$ cat upload_29.txt   # compact mmCIF, C-alpha atoms
# COMPACT_ATOMS: atom_id res chain seq x y z
CA MET K 1 159.25 144.61 118.92
CA ALA K 2 158.57 141.80 121.34
CA ASP K 3 160.52 138.56 121.25
CA ASP K 4 159.17 135.02 121.47
CA SER K 5 159.64 134.80 125.24
CA THR K 6 157.31 137.64 126.21
CA THR K 7 153.59 137.92 126.59
CA ILE K 8 151.41 140.66 125.26
CA GLU K 9 148.68 142.37 127.20
CA LEU K 10 145.30 141.79 125.56
CA SER K 11 142.01 142.89 127.02
CA ARG K 12 138.73 141.11 126.34
CA SER K 13 137.59 144.25 124.52
CA GLU K 14 140.62 144.09 122.22
CA LEU K 15 139.97 140.41 121.50
CA ARG K 16 136.41 141.31 120.57
CA GLU K 17 137.67 144.00 118.16
CA VAL K 18 140.09 141.54 116.54
CA ALA K 19 137.31 138.96 116.18
CA GLY K 20 134.95 141.56 114.73
CA TYR K 21 137.60 142.55 112.22
CA ALA K 22 138.18 138.93 111.23
CA VAL K 23 134.43 138.44 110.75
CA ALA K 24 134.17 141.54 108.56
CA CYS K 25 137.03 140.25 106.40
CA ALA K 26 135.73 136.67 106.16
CA ARG K 27 132.04 137.35 105.61
CA PRO K 28 132.35 138.21 101.88
CA ALA K 29 133.91 134.79 101.26
CA LEU K 30 130.72 133.05 102.44
CA ALA K 31 129.13 133.75 99.05
CA ILE K 32 131.99 131.91 97.36
CA PHE K 33 131.66 128.94 99.69
CA GLU K 34 127.88 128.80 99.52
CA ARG K 35 127.89 129.01 95.73
CA GLU K 36 129.90 125.76 95.65
CA ARG K 37 128.51 124.00 98.74
CA ASN K 38 125.14 125.56 99.47
CA ASP K 39 124.09 122.63 101.65
CA ASP K 40 126.90 123.11 104.19
CA PRO K 41 126.17 125.61 107.01
CA ARG K 42 129.44 125.13 108.94
CA PRO K 43 131.43 128.16 107.72
CA ARG K 44 128.45 130.48 108.26
CA ALA K 45 127.99 129.06 111.77
CA ALA K 46 131.66 129.75 112.54
CA ILE K 47 131.38 133.34 111.35
CA ASP K 48 128.11 133.84 113.23
CA GLY K 49 129.73 132.45 116.41
CA ALA K 50 132.69 134.78 116.04
CA GLN K 51 130.31 137.70 115.51
CA ALA K 52 128.44 136.77 118.69
CA PHE K 53 131.74 136.88 120.60
CA ALA K 54 132.64 140.22 119.00
CA ASP K 55 129.23 141.54 120.03
CA GLY K 56 129.80 140.68 123.71
CA GLY K 57 129.26 136.94 123.98
CA GLU K 58 131.66 134.54 125.63
CA ARG K 59 134.36 132.39 124.12
CA THR K 60 132.63 129.07 124.40
CA LYS K 61 133.22 125.46 123.48
CA ALA K 62 130.51 125.95 120.85
CA LEU K 63 132.61 128.68 119.21
CA ARG K 64 135.70 126.47 119.22
CA ASP K 65 133.64 123.56 117.88
CA SER K 66 132.30 125.75 115.07
CA ALA K 67 135.89 126.59 114.10
CA TRP K 68 136.74 122.88 113.92
CA ALA K 69 133.61 122.27 111.87
CA ALA K 70 134.63 125.01 109.42
CA GLN K 71 138.01 123.33 109.14
CA ARG K 72 136.32 120.05 108.23
CA ALA K 73 134.25 121.92 105.62
CA ALA K 74 137.49 123.32 104.20
CA GLN K 75 139.08 119.88 104.04
CA GLU K 76 136.04 118.38 102.35
CA SER K 77 136.02 121.25 99.82
CA ARG K 78 139.70 120.70 99.11
CA ASP K 79 139.14 116.97 98.69
CA ALA K 80 136.32 117.73 96.23
CA GLY K 81 138.65 119.92 94.17
CA LEU K 82 136.91 123.16 95.20
CA ALA K 83 139.91 125.36 95.96
CA ALA K 84 138.00 128.63 96.30
CA ALA K 85 135.47 127.03 98.68
CA ASN K 86 138.37 125.58 100.67
CA ASP K 87 139.88 129.02 101.26
CA ALA K 88 136.47 130.55 101.94
CA ALA K 89 135.85 127.97 104.66
CA ARG K 90 139.36 128.62 106.01
CA ALA K 91 138.45 132.32 106.23
CA ALA K 92 135.50 131.33 108.44
CA LEU K 93 137.76 129.08 110.51
CA ALA K 94 140.18 131.98 110.97
CA ALA K 95 137.38 134.33 111.98
CA ALA K 96 136.29 131.97 114.74
CA GLY K 97 139.93 131.37 115.69
CA ALA K 98 140.55 135.10 116.09
CA ALA K 99 138.60 134.97 119.35
CA PHE K 100 141.34 132.68 120.67
CA LEU K 101 144.30 134.93 119.84
CA HIS K 102 147.07 134.08 122.30
CA PRO K 103 148.93 136.81 124.18
CA LEU K 104 152.28 135.33 123.12
CA ALA K 105 154.75 137.49 121.24
CA LYS K 106 155.11 134.99 118.42
CA ALA K 107 154.94 135.80 114.75
CA THR K 108 152.57 132.88 114.18
CA GLN K 109 149.89 134.69 116.20
CA VAL K 110 149.63 137.26 113.40
CA LYS K 111 147.72 134.58 111.47
CA HIS K 112 144.96 134.77 114.11
CA ILE K 113 144.57 138.47 113.38
CA LEU K 114 144.99 138.50 109.58
CA GLY K 115 144.23 134.93 108.50
CA ALA K 116 140.55 135.55 107.78
CA ALA K 117 141.42 138.44 105.47
CA ALA K 118 144.12 136.50 103.65
CA HIS K 119 142.03 133.35 103.14
CA ALA K 120 139.06 135.42 101.96
CA ALA K 121 141.36 137.25 99.53
CA ARG K 122 142.70 133.94 98.24
CA ALA K 123 139.18 132.57 97.85
CA ALA K 124 138.27 135.66 95.83
CA GLU K 125 141.37 135.25 93.66
CA LEU K 126 140.61 131.60 92.96
CA SER K 127 136.97 132.33 92.28
CA ALA K 128 138.10 134.89 89.67
CA GLY K 129 140.34 132.46 87.82
CA ASP K 130 143.36 132.88 90.12
CA ASP K 131 143.55 136.63 89.49
CA PRO K 132 146.00 138.26 91.95
CA ALA K 133 144.45 141.68 91.31
CA VAL K 134 141.24 140.45 92.91
CA GLY K 135 143.18 139.34 95.99
CA ALA K 136 144.99 142.68 96.12
CA ASP K 137 141.63 144.47 96.06
CA HIS K 138 140.36 142.34 98.93
CA ILE K 139 143.55 143.05 100.93
CA ALA K 140 143.07 146.78 100.28
CA GLN K 141 139.51 146.53 101.62
CA SER K 142 140.73 144.55 104.63
CA ARG K 143 143.22 147.31 105.37
CA ILE K 144 140.37 149.84 105.42
CA LEU K 145 138.37 147.62 107.79
CA ALA K 146 141.17 147.55 110.38
CA ASN K 147 140.26 150.05 113.08
CA PRO K 148 142.87 151.63 115.37
CA VAL K 149 142.39 148.98 118.07
CA VAL K 150 143.11 146.15 115.62
CA VAL K 151 146.17 147.99 114.28
CA ASP K 152 147.43 148.62 117.82
CA VAL K 153 147.05 144.95 118.75
CA LEU K 154 148.77 143.87 115.53
CA ARG K 155 151.72 146.17 116.20
CA ARG K 156 152.41 144.39 119.49
CA TYR K 157 153.30 141.20 117.63
CA PRO K 158 156.45 140.40 115.64
CA VAL K 159 156.46 140.58 111.86
CA ALA K 160 154.33 137.93 110.14
CA PRO K 161 156.24 134.69 109.53
CA ARG K 162 157.67 133.50 106.24
CA GLY K 163 156.09 130.68 104.28
CA GLY K 164 152.47 129.76 103.91
CA GLY K 165 152.29 129.97 100.12
CA ARG K 166 150.01 132.57 98.58
CA VAL K 167 147.97 132.98 101.77
CA GLY K 168 151.18 133.67 103.70
CA GLU K 169 152.15 136.24 101.10
CA LEU K 170 148.77 137.95 101.46
CA ILE K 171 149.13 137.97 105.25
CA ARG K 172 152.56 139.62 104.94
CA GLN K 173 151.26 142.20 102.46
CA LEU K 174 148.39 143.15 104.74
CA HIS K 175 150.62 143.13 107.81
CA ALA K 176 153.16 145.44 106.15
CA SER K 177 150.42 147.85 105.10
CA LEU K 178 149.03 148.06 108.64
CA ARG K 179 152.29 148.41 110.58

$ encode --input "upload_29.txt" --output "structure tokens"
Amino acid sequence: MADDSTTIELSRSELREVAGYAVACARPALAIFERERNDDPRPRAAIDGAQAFADGGERTKALRDSAWAAQRAAQESRDAGLAAANDAARAALAAAGAAFLHPLAKATQVKHILGAAAHAARAAELSAGDDPAVGADHIAQSRILANPVVVDVLRRYPVAPRGGGRVGELIRQLHASLR
């Protein structure tokens, strides 16, 4: 296992695989967000931008801006008392952020790989009346979606960090199942 002072080799192709994985995990949460805030296109734009990168596009300012816009959509959802929509928008934010995974051997970078899956799982839980079984099902599906490249990249990083509430717990569960 790498320590915090080392860097990790990451190819552009591997970054694209990680982003594609994050998109696949986050996309189901769009329905949750759009059910609550159907007039807000920002999370969908973030996911679409991440998909474009995964499909061969460049990491652009527009992609980074779409991630920030999804974060604002999450904050506005939270402020409106829409917890499931908040986590769904955070899943979109994490999908766009996956394209910017840093090659630093820090546990916090695991969130760039698995954050979209964990936030989508939490959104699903909340949408189902805070049912942890629904989140567990989403995590199981996210595990299936992780191809060998994503698993190999994930294994280069330290164990997922402590904390982060229920989303952090979901990240650690998924991380443990993939290592």

$ closest_residue --input "upload_29.txt" --among "K:Ala52, K:Leu145, K:Ala73, K:Leu178" --to "K:Asp87" --atoms "all atoms listed in the file"
K:Ala73

$ closest_residue --input "upload_29.txt" --among "K:Gly97, K:Pro161, K:Pro28, K:Gly20" --to "K:His138" --atoms "all atoms listed in the file"
K:Pro28

$ closest_residue --input "upload_29.txt" --among "K:Gly164, K:Pro158, K:Gly57, K:Gly135" --to "K:Val110" --atoms "all atoms listed in the file"
K:Pro158

$ residues_around --input "upload_29.txt" --residues "K:Thr108" --least-positions-apart "5" --cutoff "10 Å" --atoms "all atoms listed in the file" --output "list of chain:residue names"
K:His102, K:Ile113, K:Tyr157, K:Pro158, K:Val159, K:Ala160, K:Pro161, K:Arg162

$ closest_residue --input "upload_29.txt" --among "K:Leu114, K:Ala62, K:Val149, K:Leu174" --to "K:Val23" --atoms "only C-alpha atoms"
K:Leu114

$ axis_aligned_box --input "upload_29.txt" --around "stretch 149-154 of chain K" --padding-each-side "5 Å" --output "lines of an AutoDock Vina configuration file"
center_x = 145.6
center_y = 146.4
center_z = 116.5
size_x = 16.4
size_y = 15.1
size_z = 14.5

$ residues_around --input "upload_29.txt" --residues "K:Ala50" --least-positions-apart "2" --cutoff "12 Å" --atoms "all atoms listed in the file" --output "ChimeraX atom specification"
/K:15-27,43-48,52-67,70,91-100,116

$ closest_residue --input "upload_29.txt" --among "K:Arg179, K:Arg166, K:Arg122, K:Arg78" --to "K:Pro148" --atoms "all atoms listed in the file"
K:Arg179

$ atom_distance --input "upload_29.txt" --atom1 "atom CA of K:Ala123" --atom2 "atom CA of K:Gln141"
14.5 Å

$ closest_residue --input "upload_29.txt" --among "K:Asn86, K:Thr6, K:Ser142, K:Asn147" --to "K:Phe33" --atoms "only C-alpha atoms"
K:Asn86

$ atom_distance --input "upload_29.txt" --atom1 "atom CA of K:Ala133" --atom2 "atom CA of K:Asp152"
27.6 Å

$ atom_distance --input "upload_29.txt" --atom1 "atom CA of K:Ala118" --atom2 "atom CA of K:Leu101"
16.3 Å

$ decode --input "upload_29.txt" --residues "stretch 139-151 of chain K" --atoms "N, CA and C atoms" --output "PDB file, in the first residue's frame"
ATOM      1  N   ILE K 139     -25.079  -0.448  -3.787  1.00  0.00           N
ATOM      2  CA  ILE K 139     -23.645  -0.719  -3.636  1.00  0.00           C
ATOM      3  C   ILE K 139     -23.292  -2.041  -4.309  1.00  0.00           C
ATOM      4  N   ALA K 140     -24.147  -3.047  -4.173  1.00  0.00           N
ATOM      5  CA  ALA K 140     -23.905  -4.336  -4.836  1.00  0.00           C
ATOM      6  C   ALA K 140     -23.870  -4.168  -6.355  1.00  0.00           C
ATOM      7  N   GLN K 141     -24.775  -3.345  -6.893  1.00  0.00           N
ATOM      8  CA  GLN K 141     -24.773  -3.084  -8.333  1.00  0.00           C
ATOM      9  C   GLN K 141     -23.524  -2.307  -8.744  1.00  0.00           C
ATOM     10  N   SER K 142     -23.103  -1.376  -7.908  1.00  0.00           N
ATOM     11  CA  SER K 142     -21.896  -0.593  -8.200  1.00  0.00           C
ATOM     12  C   SER K 142     -20.668  -1.487  -8.215  1.00  0.00           C
ATOM     13  N   ARG K 143     -20.658  -2.482  -7.367  1.00  0.00           N
ATOM     14  CA  ARG K 143     -19.545  -3.435  -7.353  1.00  0.00           C
ATOM     15  C   ARG K 143     -19.473  -4.180  -8.687  1.00  0.00           C
ATOM     16  N   ILE K 144     -20.624  -4.577  -9.196  1.00  0.00           N
ATOM     17  CA  ILE K 144     -20.688  -5.297 -10.473  1.00  0.00           C
ATOM     18  C   ILE K 144     -20.211  -4.407 -11.618  1.00  0.00           C
ATOM     19  N   LEU K 145     -20.514  -3.117 -11.543  1.00  0.00           N
ATOM     20  CA  LEU K 145     -20.134  -2.184 -12.606  1.00  0.00           C
ATOM     21  C   LEU K 145     -18.628  -1.914 -12.670  1.00  0.00           C
ATOM     22  N   ALA K 146     -17.918  -2.197 -11.593  1.00  0.00           N
ATOM     23  CA  ALA K 146     -16.478  -1.896 -11.541  1.00  0.00           C
ATOM     24  C   ALA K 146     -15.706  -2.901 -12.388  1.00  0.00           C
ATOM     25  N   ASN K 147     -15.169  -2.439 -13.498  1.00  0.00           N
ATOM     26  CA  ASN K 147     -14.388  -3.332 -14.360  1.00  0.00           C
ATOM     27  C   ASN K 147     -12.971  -3.496 -13.788  1.00  0.00           C
ATOM     28  N   PRO K 148     -12.192  -4.407 -14.345  1.00  0.00           N
ATOM     29  CA  PRO K 148     -10.848  -4.659 -13.808  1.00  0.00           C
ATOM     30  C   PRO K 148      -9.939  -3.426 -13.782  1.00  0.00           C
ATOM     31  N   VAL K 149     -10.084  -2.525 -14.722  1.00  0.00           N
ATOM     32  CA  VAL K 149      -9.250  -1.309 -14.725  1.00  0.00           C
ATOM     33  C   VAL K 149      -9.585  -0.449 -13.511  1.00  0.00           C
ATOM     34  N   VAL K 150     -10.863  -0.260 -13.236  1.00  0.00           N
ATOM     35  CA  VAL K 150     -11.282   0.543 -12.086  1.00  0.00           C
ATOM     36  C   VAL K 150     -10.783  -0.103 -10.795  1.00  0.00           C
ATOM     37  N   VAL K 151     -10.926  -1.408 -10.688  1.00  0.00           N
ATOM     38  CA  VAL K 151     -10.467  -2.118  -9.482  1.00  0.00           C
ATOM     39  C   VAL K 151      -8.956  -1.981  -9.336  1.00  0.00           C
TER      40      VAL K 151
END
